[in-house]
Amino acid sequence: MNRRMECEFSLLRYVPDPVRNEFVHIGVLLRAGITGTGTRPVLGVRFTADWRRVRCLDPEADTEMLEALESELRRRFAEEPEGNLMHVLEDSFSNCVQMSESRAYLAESVEAGMAELMRLYVEPQRRERVSRVSGRAAIQAAMRTEFERVGAWELMRKRIAAAEYTRPGDPLRLDAGYRATGDGMRDRIRIFHAVSLEHLGGVGGGMGVEMAKVLAFSAAGLRAGVERVEKAELELTAVIEPWTKFAARSDAEIADREGAYRFAVETMEEHAIRVRTTMELAAMAETARVELHL
């Protein structure tokens with residue numbers, strides 16, 4: 001039997017109103033057990049990728065700043081393993097982001113421990129559940145997992161505002177991307193956006209198709225804007241679920257869903273959007289690793 005690592009963990013929680021003391025857990029901090037020097041270096045910091053619970057508590061929550069805080073915490077503790085986390089939180093969010101008291105924990109590994117703690121305390125509702133939003137959230141989580149695995153996630157831009165490249169007022173935000181600089185080749189901006197096609201066909205099943213159409217409609221403007229602003233080519237990739245994931249109750253429903261799925265894919269491809277499934281994420285992450293020189 002493998003020996004578990006002696007660790008301690010703290011929960012990070014978002015508290016929009018300290019007086020009312022209502023909060024939602026947004027992340028986990030995992031530390032190693034006491035070392036020979038008596039220090040407890042931070043092994044893992046992870047925030048949720050699904051901000052719905054935060055927005056339910058505080059519709060005005062600045063989730064972009066929360067995402068930036070995760071990157072800042074990782075950077076600071078990579079530089080100062082024994083640094084004081086509390087002053088980072090206070091400087092960034094005053095009392096809006098708080099850390100719980102430390103608790104003992106035995107982990108099989110850093111990765112397994114982080115995943116279990118996130119499942120237990122931060123994202124307990126993300127079980128087998130059928131909804132359009134959870135479908136997209138699942139793709140986003142898979143994207144993050146693969147890009148984190150190769151060390152690229154921290155170097156990527158997140159929630160990229162399309163308005164930077166199109167025109168003011170454009171509400172579209174794209175999930176993540178990076179700049180690829182080739183040897184003697186023109187720079188390319190690679191942007192990845194999750195498009196869930198899990199629930200297609202029937203009443204209320206067209207939202208995935210609508211997102212595909214929005215992305216297709218936006219592609220030309222985004223491409224021209226990236227050329228103008230970044231002086232680079234845009235490679236826009238829609239990440240979807242593989243068709244084989246979907247179940248249906250009848251042949252008619254299968255035909256209905258497959259038709260909608262094919263329509264969404266073909267609509268995006270007609271506008272020069274690369275369409276890839278979650279099964280191809282590992283290869284995309286490996287490309288990012290090479291292009292970002294990791």
# chains A, B, ... in the order shown; residues from 1 in each chain; ligands from 1

call {"tool": "closest_atom_pairs", "arguments": {"of": "stretch 52-78 of chain A", "to": "stretch 139-162 of chain A", "cutoff": "12 Å", "atoms": "only C-alpha atoms", "output": "CSV"}}
result
residue,atom,partner,partner_atom,distance
A:Thr63,CA,A:Arg159,CA,9.7
A:Glu64,CA,A:Arg159,CA,7.4
A:Met65,CA,A:Arg159,CA,10.9
A:Leu66,CA,A:Lys158,CA,11.6
A:Glu67,CA,A:Lys158,CA,8.3
A:Ala68,CA,A:Lys158,CA,9.0
A:Leu69,CA,A:Glu154,CA,11.6
A:Glu70,CA,A:Glu154,CA,9.4
A:Ser71,CA,A:Glu154,CA,6.5
A:Glu72,CA,A:Glu154,CA,9.7
A:Leu73,CA,A:Glu154,CA,11.2
A:Arg74,CA,A:Glu154,CA,8.7
A:Arg75,CA,A:Glu154,CA,9.0

call {"tool": "write_last_selection", "arguments": {"atoms": "C-alpha atoms", "output": "CSV table (one decimal), in the first residue's frame"}}
result
chain,number,residue,atom,x,y,z
A,63,THR,CA,-14.6,36.8,-11.4
A,64,GLU,CA,-11.8,38.0,-13.7
A,65,MET,CA,-10.0,39.4,-10.7
A,66,LEU,CA,-10.6,36.2,-8.8
A,67,GLU,CA,-9.0,34.3,-11.6
A,68,ALA,CA,-6.1,36.7,-11.6
A,69,LEU,CA,-5.7,36.2,-7.9
A,70,GLU,CA,-5.2,32.4,-8.4
A,71,SER,CA,-2.3,33.2,-10.8
A,72,GLU,CA,-0.8,35.7,-8.4
A,73,LEU,CA,-0.9,33.2,-5.5
A,74,ARG,CA,0.8,30.6,-7.6
A,75,ARG,CA,3.5,33.1,-8.7

call {"tool": "residues_around", "arguments": {"residues": "stretch 7-10 of chain A", "least_positions_apart": "4", "cutoff": "7 Å", "atoms": "only C-alpha atoms", "output": "CSV table (one decimal) with C-alpha atoms, in the first residue's frame"}}
result
chain,number,residue,atom,x,y,z
A,28,VAL,CA,-8.2,25.0,-2.0
A,29,LEU,CA,-4.6,25.5,-0.7
A,30,LEU,CA,-2.7,22.3,-0.1
A,31,ARG,CA,0.6,22.2,1.9
A,32,ALA,CA,3.1,19.5,2.5
A,33,GLY,CA,3.7,18.1,6.0
A,99,MET,CA,-8.8,31.6,4.2
A,100,SER,CA,-10.0,29.0,6.6
A,101,GLU,CA,-8.0,27.5,9.4
A,102,SER,CA,-5.7,24.7,8.4
A,103,ARG,CA,-6.8,21.1,8.7
A,104,ALA,CA,-4.8,17.9,8.6
A,105,TYR,CA,-5.1,15.7,5.5
A,106,LEU,CA,-3.5,12.6,4.0
A,107,ALA,CA,-3.0,12.7,0.3

call {"tool": "atom_distance", "arguments": {"atom1": "atom CA of A:Arg136", "atom2": "atom CA of A:Gly44"}}
result
24.8 Å

call {"tool": "closest_residue", "arguments": {"among": "A:Cys56, A:Ala264, A:Ile189, A:Val229", "to": "A:Leu292", "atoms": "only C-alpha atoms"}}
result
A:Ile189

call {"tool": "residues_around", "arguments": {"residues": "A:Glu269", "least_positions_apart": "5", "cutoff": "10 Å", "atoms": "only C-alpha atoms", "output": "PyMOL selection string"}}
result
chain A and resi 212+216+237-238+263-264+274-275

call {"tool": "write_last_selection", "arguments": {"atoms": "C-alpha atoms", "output": "mmCIF file, in the first residue's frame"}}
result
data_model
loop_
_atom_site.group_PDB
_atom_site.id
_atom_site.type_symbol
_atom_site.label_atom_id
_atom_site.label_comp_id
_atom_site.auth_asym_id
_atom_site.auth_seq_id
_atom_site.Cartn_x
_atom_site.Cartn_y
_atom_site.Cartn_z
ATOM 1 C CA ALA A 212 -21.831 27.764 -32.432
ATOM 2 C CA ALA A 216 -19.193 31.634 -36.398
ATOM 3 C CA THR A 237 -10.597 26.522 -31.954
ATOM 4 C CA ALA A 238 -13.995 25.384 -30.660
ATOM 5 C CA PHE A 263 -25.084 21.526 -38.248
ATOM 6 C CA ALA A 264 -23.209 23.181 -35.375
ATOM 7 C CA ARG A 274 -11.122 24.588 -36.024
ATOM 8 C CA VAL A 275 -13.446 22.138 -34.272
#

call {"tool": "select_by_dssp", "arguments": {"residues": "stretch 51-292 of chain A", "states": "strand (DSSP E or B)", "output": "PyMOL selection string"}}
result
chain A and resi 97-99+103-107+157-161+173-180+188-194+233-240+274-277

call {"tool": "closest_residue", "arguments": {"among": "A:Ala260, A:Met185, A:Val214, A:Ile26", "to": "A:Arg173", "atoms": "only C-alpha atoms"}}
result
A:Val214

call {"tool": "atom_distance", "arguments": {"atom1": "atom CA of A:Glu233", "atom2": "atom CA of A:Phe192"}}
result
14.2 Å

call {"tool": "closest_residue", "arguments": {"among": "A:Phe47, A:Tyr165, A:Tyr178, A:Phe77", "to": "A:Leu117", "atoms": "only C-alpha atoms"}}
result
A:Phe47

call {"tool": "closest_residue", "arguments": {"among": "A:Val209, A:Met5, A:Met114, A:Ala61", "to": "A:Asp17", "atoms": "only C-alpha atoms"}}
result
A:Ala61

call {"tool": "residues_around", "arguments": {"residues": "A:Arg179", "least_positions_apart": "2", "cutoff": "8 Å", "atoms": "only C-alpha atoms", "output": "VMD selection string"}}
result
chain A and resid 177 181 187 to 190

call {"tool": "residues_around", "arguments": {"residues": "A:Ala224", "least_positions_apart": "3", "cutoff": "9 Å", "atoms": "only C-alpha atoms", "output": "count of residues only"}}
result
10

call {"tool": "select_by_dssp", "arguments": {"residues": "stretch 144-254 of chain A", "states": "alpha helix (DSSP H)", "output": "VMD selection string"}}
result
chain A and resid 144 to 149 207 to 230 251 to 254

call {"tool": "write_last_selection", "arguments": {"atoms": "N, CA and C atoms", "output": "compact mmCIF listing (two decimals), in the first residue's frame"}}
result
# COMPACT_ATOMS: atom_id res chain seq x y z
N ARG A 144 -8.63 23.08 -18.90
CA ARG A 144 -7.71 23.54 -17.86
C ARG A 144 -6.80 22.41 -17.37
N THR A 145 -7.37 21.24 -17.15
CA THR A 145 -6.60 20.10 -16.66
C THR A 145 -5.45 19.76 -17.61
N GLU A 146 -5.73 19.71 -18.89
CA GLU A 146 -4.70 19.33 -19.85
C GLU A 146 -3.63 20.41 -20.00
N PHE A 147 -4.05 21.67 -20.06
CA PHE A 147 -3.05 22.74 -20.19
C PHE A 147 -2.24 22.90 -18.91
N GLU A 148 -2.85 22.65 -17.76
CA GLU A 148 -2.10 22.67 -16.50
C GLU A 148 -1.08 21.54 -16.47
N ARG A 149 -1.46 20.40 -17.01
CA ARG A 149 -0.58 19.22 -16.99
C ARG A 149 0.76 19.51 -17.65
N MET A 207 -29.41 25.62 -27.51
CA MET A 207 -28.45 26.61 -27.04
C MET A 207 -27.04 26.32 -27.53
N GLY A 208 -26.68 25.05 -27.64
CA GLY A 208 -25.36 24.72 -28.17
C GLY A 208 -25.21 25.18 -29.61
N VAL A 209 -26.24 24.99 -30.39
CA VAL A 209 -26.23 25.45 -31.77
C VAL A 209 -26.13 26.97 -31.82
N GLU A 210 -26.84 27.64 -30.92
CA GLU A 210 -26.79 29.10 -30.89
C GLU A 210 -25.38 29.60 -30.58
N MET A 211 -24.70 28.96 -29.64
CA MET A 211 -23.33 29.36 -29.33
C MET A 211 -22.41 29.13 -30.52
N ALA A 212 -22.62 28.02 -31.23
CA ALA A 212 -21.83 27.76 -32.43
C ALA A 212 -22.05 28.86 -33.46
N LYS A 213 -23.30 29.30 -33.62
CA LYS A 213 -23.62 30.37 -34.58
C LYS A 213 -23.02 31.70 -34.14
N VAL A 214 -23.03 31.97 -32.83
CA VAL A 214 -22.42 33.21 -32.32
C VAL A 214 -20.92 33.22 -32.62
N LEU A 215 -20.26 32.10 -32.38
CA LEU A 215 -18.83 32.02 -32.63
C LEU A 215 -18.54 32.17 -34.12
N ALA A 216 -19.37 31.52 -34.95
CA ALA A 216 -19.19 31.63 -36.40
C ALA A 216 -19.40 33.07 -36.87
N PHE A 217 -20.42 33.72 -36.33
CA PHE A 217 -20.70 35.12 -36.69
C PHE A 217 -19.54 36.03 -36.30
N SER A 218 -18.89 35.72 -35.19
CA SER A 218 -17.83 36.58 -34.66
C SER A 218 -16.47 36.32 -35.31
N ALA A 219 -16.30 35.19 -35.98
CA ALA A 219 -14.97 34.75 -36.41
C ALA A 219 -14.27 35.76 -37.32
N ALA A 220 -14.96 36.27 -38.33
CA ALA A 220 -14.31 37.18 -39.27
C ALA A 220 -13.85 38.46 -38.58
N GLY A 221 -14.70 39.01 -37.72
CA GLY A 221 -14.33 40.22 -37.00
C GLY A 221 -13.16 39.99 -36.05
N LEU A 222 -13.17 38.84 -35.38
CA LEU A 222 -12.06 38.51 -34.50
C LEU A 222 -10.76 38.37 -35.28
N ARG A 223 -10.85 37.72 -36.43
CA ARG A 223 -9.66 37.49 -37.24
C ARG A 223 -9.06 38.81 -37.72
N ALA A 224 -9.93 39.71 -38.19
CA ALA A 224 -9.45 41.02 -38.65
C ALA A 224 -8.89 41.83 -37.49
N GLY A 225 -9.54 41.74 -36.32
CA GLY A 225 -9.07 42.49 -35.16
C GLY A 225 -7.73 42.01 -34.65
N VAL A 226 -7.52 40.70 -34.63
CA VAL A 226 -6.23 40.16 -34.20
C VAL A 226 -5.13 40.60 -35.17
N GLU A 227 -5.46 40.60 -36.44
CA GLU A 227 -4.49 41.07 -37.45
C GLU A 227 -4.12 42.53 -37.20
N ARG A 228 -5.12 43.33 -36.88
CA ARG A 228 -4.90 44.77 -36.67
C ARG A 228 -4.18 45.06 -35.36
N VAL A 229 -4.61 44.42 -34.28
CA VAL A 229 -4.09 44.73 -32.95
C VAL A 229 -2.81 43.97 -32.63
N GLU A 230 -2.79 42.69 -32.94
CA GLU A 230 -1.67 41.83 -32.56
C GLU A 230 -0.63 41.66 -33.66
N ASP A 251 -34.72 6.23 -32.04
CA ASP A 251 -34.02 6.50 -33.30
C ASP A 251 -34.30 7.91 -33.79
N ALA A 252 -35.53 8.37 -33.60
CA ALA A 252 -35.90 9.72 -34.04
C ALA A 252 -35.11 10.78 -33.27
N GLU A 253 -34.95 10.54 -31.97
CA GLU A 253 -34.20 11.50 -31.16
C GLU A 253 -32.71 11.48 -31.54
N ILE A 254 -32.19 10.29 -31.82
CA ILE A 254 -30.79 10.20 -32.25
C ILE A 254 -30.58 10.99 -33.53

call {"tool": "residues_around", "arguments": {"residues": "A:Leu57", "least_positions_apart": "6", "cutoff": "12 Å", "atoms": "only C-alpha atoms", "output": "number ranges by chain"}}
result
A: 13-17, 20-26, 51

call {"tool": "write_last_selection", "arguments": {"atoms": "C-alpha atoms", "output": "mmCIF file, in the first residue's frame"}}
result
data_model
loop_
_atom_site.group_PDB
_atom_site.id
_atom_site.type_symbol
_atom_site.label_atom_id
_atom_site.label_comp_id
_atom_site.auth_asym_id
_atom_site.auth_seq_id
_atom_site.Cartn_x
_atom_site.Cartn_y
_atom_site.Cartn_z
ATOM 1 C CA ARG A 13 -13.814 31.459 0.356
ATOM 2 C CA TYR A 14 -15.458 34.469 -1.227
ATOM 3 C CA VAL A 15 -17.236 36.709 1.297
ATOM 4 C CA PRO A 16 -18.914 39.666 -0.470
ATOM 5 C CA ASP A 17 -20.377 41.088 2.754
ATOM 6 C CA ARG A 20 -23.587 39.102 6.867
ATOM 7 C CA ASN A 21 -20.798 36.480 6.757
ATOM 8 C CA GLU A 22 -22.324 34.624 3.816
ATOM 9 C CA PHE A 23 -19.682 32.894 1.755
ATOM 10 C CA VAL A 24 -18.979 30.302 -0.917
ATOM 11 C CA HIS A 25 -15.817 28.214 -1.207
ATOM 12 C CA ILE A 26 -13.848 29.088 -4.324
ATOM 13 C CA TRP A 51 -18.289 30.686 -10.999
#

call {"tool": "atom_distance", "arguments": {"atom1": "atom CA of A:His293", "atom2": "atom CA of A:Ala49"}}
result
25.4 Å

call {"tool": "closest_residue", "arguments": {"among": "A:Val239, A:Ala138, A:Leu43, A:Val110", "to": "A:Glu123", "atoms": "only C-alpha atoms"}}
result
A:Ala138
